[in-house]
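Before any comments, here is the structure.
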Amino acid sequence: MNALNIAEYTESLGLQAKQAAALMASASTAIKNKALLALARRLRESGGPLAEANAHDLEQAGAAGLAAPMVDRLRLTPQVIETCALGCEQLAAMPDVIGEIIGMKQQESGIRVGQMRVPIGVFCMIYESRPNVTIEAASLSIKSGNAAILRGGSEAIHSNRALAALVVQALVEAGLPEHGVQLVQTTDRAAVGQLIAMPQYVDVVIPRGGKGLIERISREARVPVIKHLDGNCHSYVDDPCDIVLALKVVENAKTQKVSPCNATESLLVARGVAHEFLPRMGAIFVAREVEMRCDAEAAAILAPAHPGNDIVKAYASMSAKKYVKLAHESDWSEEYLAPIISIKVVAGLDEAIAWINHYGSHHTDAILTTDHRHAQRFLREVDSASCMVNTSTRFADGFEYGLGAEIGISTDKFHARGPVGIEGLTSLKWVVLGEGEVRQ
């Protein structure tokens with residue numbers, strides 16, 4: 001498409017979305033749930049065609065030399081499809097918050113004042129790699145009564161087209177407008193520039209992808225943006241803690257999947273437990289081929305010149321020193337999205353909280369502790385969208401939080417924070433009920 005055609009195309013997308021938004025907002029709960037259940041059914045019935053479309057994208061990604069974490073995000077496995085279907089069903093089973101009135105109070109004048117939850121209108125989702133986001137965004141759009149314009153990455157275009165076709169079929173089957181969810185069919189980047197500068201049609205933009213994409217959207221958008229730039233998540237092993245529990249949780253937080261934004265990228269360890277915890281953690285990381293970028297104190301414990309105990313000897317014999325490197329200043333704020341983790345020994349809770357608030361990305365941070373007071377301080381004082389106690393940062397996810405699906409994770413403090421589900425795609429308006437009262 002040339003520039004003129006791109007402008008005309010995005011204008012038509014915006015107009016169709018705006019018209020569909022009114023019908024989506026007025027749809028009954030039963031109709032929205034019918035569409036979600038139809039989408040879940042169609043996802044399960046379409047494994048073959050979806051696998052074929054995804055294979056095309058994977059083949060092109062390989063030929064283009066796409067980085068391994070990006071290819072991993074691109075993969076549309078049967079498990080991923082089933083998770084999408086379950087998310088649709090979970091959303092259908094959830095209460096419909098649209099039209100809900102909260103905080104209704106009687107005033108001295110006689111009027112009653114409250115707030116009603118309503119759809120935002122039209123949201124534009126711009127994302128990279130993960131084709132499952134197409135279903136997550138579409139299903140949340142349906143349940144929240146919004147219209148959506150979805151622009152996936154060029155690397156997933158065939159997968160996204162196949163998924164979006166199922167969404168349209170489910171909408172029509174339920175009696176909702178076919179333009180309630182639209183996929184941008186062109187991979188031309190100029191379309192993004194047009195979409196984020198159409199406040200007459202688009203009410204909010206949600207970028208989900210690499211830092212470069214999100215910085216560009218934040219800089220150029222003429223409509224509000226819900227975003228997060230980095231996912232530098234921390235796990236802090238406190239003194240005191242359950243060492244066995246901490247080993248299990250940190251291993252999961254880092255290695256269960258290294259490419260998502262909620263994987264732990266930085267490990268902080270209290271000095272009082274460092275000599276007991278780090279050698280055992282190091283052995284696990286070596287076995288999982290995770291590179292450790294350490295401060296001097298952690299490095300001395302993980303790769304000592306003269307191993308002093310059996311645990312250290314066991315992993316030293318596996319060429320542990322190959323995996324232990326001294327960290328640079330940039331490592332403390334890095335989102336690796338790879339089998340790499342930064343490790344620092346801290347004096348205790350005070351230093352850990354200060355360190356996380358300084359170097360963290362305000363995404364997700366966890367404490368492993370047996371001290372209830374330490375846990376409560378961590379929850380209150382760490383300035384992040386999700387704060388966790390004795391569990392893996394990998395749980396920072398809309399599906400795991402019971403939201404059915406998520407549109408993304410926000411590290412902003414307005415309008416939504418953390419995993420953004422149905423309520424994050426709504427607004428509140430004031431409603432006033434009276435019986436003929438007039439202001440004196």
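Letters A, B, ... go to the chains of the structure tokens in the order shown; residues in each chain start at 1; ligands are counted from 1 in the same order.
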Residue list (strand (DSSP E), DSSP) for region 128-341 of chain A, as an MDAnalysis selection string: chainID A and resid 147:151 181:183 204:208 233:237 264:270 291:294 324:326 340:341
Residues within 9 Å of Gly110 (chain A), only C-alpha atoms, excluding chain neighbours under 6 positions, as JSON, numbers by chain: {"A": [434, 435, 437]}
Now that the selection is made, can you save its residues with N, CA and C atoms as a short mmCIF file (atom, residue, chain, number, x, y, z; two decimals), in the first residue's frame?
```cif
data_model
loop_
_atom_site.label_atom_id
_atom_site.label_comp_id
_atom_site.auth_asym_id
_atom_site.auth_seq_id
_atom_site.Cartn_x
_atom_site.Cartn_y
_atom_site.Cartn_z
N GLY A 434 -32.70 10.72 40.98
CA GLY A 434 -33.50 11.66 41.76
C GLY A 434 -34.98 11.38 41.64
N GLU A 435 -35.75 12.14 42.41
CA GLU A 435 -37.22 12.05 42.38
C GLU A 435 -37.81 13.44 42.35
N GLU A 437 -35.92 16.33 42.75
CA GLU A 437 -35.15 17.31 43.54
C GLU A 437 -34.63 18.43 42.64
#
```
CA of Pro279 (chain A) to CA of Cys387 (chain A), straight-line distance in Å: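 For CA of Cys387 (chain A) relative to CA of Pro279 (chain A), the distance reads 26.3 Å.
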Which of A:Leu37, A:Ile340, A:Met24, A:Ile217 sits closest to Lys257 (chain A) [using only C-alpha atoms]: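 Of the candidates, the smallest distance to Lys257 (chain A) is held by A:Ile340.
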Alpha helix (DSSP H) per DSSP on the backbone: members of region 97-341 of chain A, as a count of residues only: 91
Shortest interatomic distance to Val290 (chain A) - which of A:Gly14, A:Pro95, A:Pro339, A:Gly212, counting only C-alpha atoms: A:Pro339
Point-to-point distance in Å for CA of Gly121 (chain A) and CA of His415 (chain A):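 Separation of CA of His415 (chain A) and CA of Gly121 (chain A): 14.7 Å.
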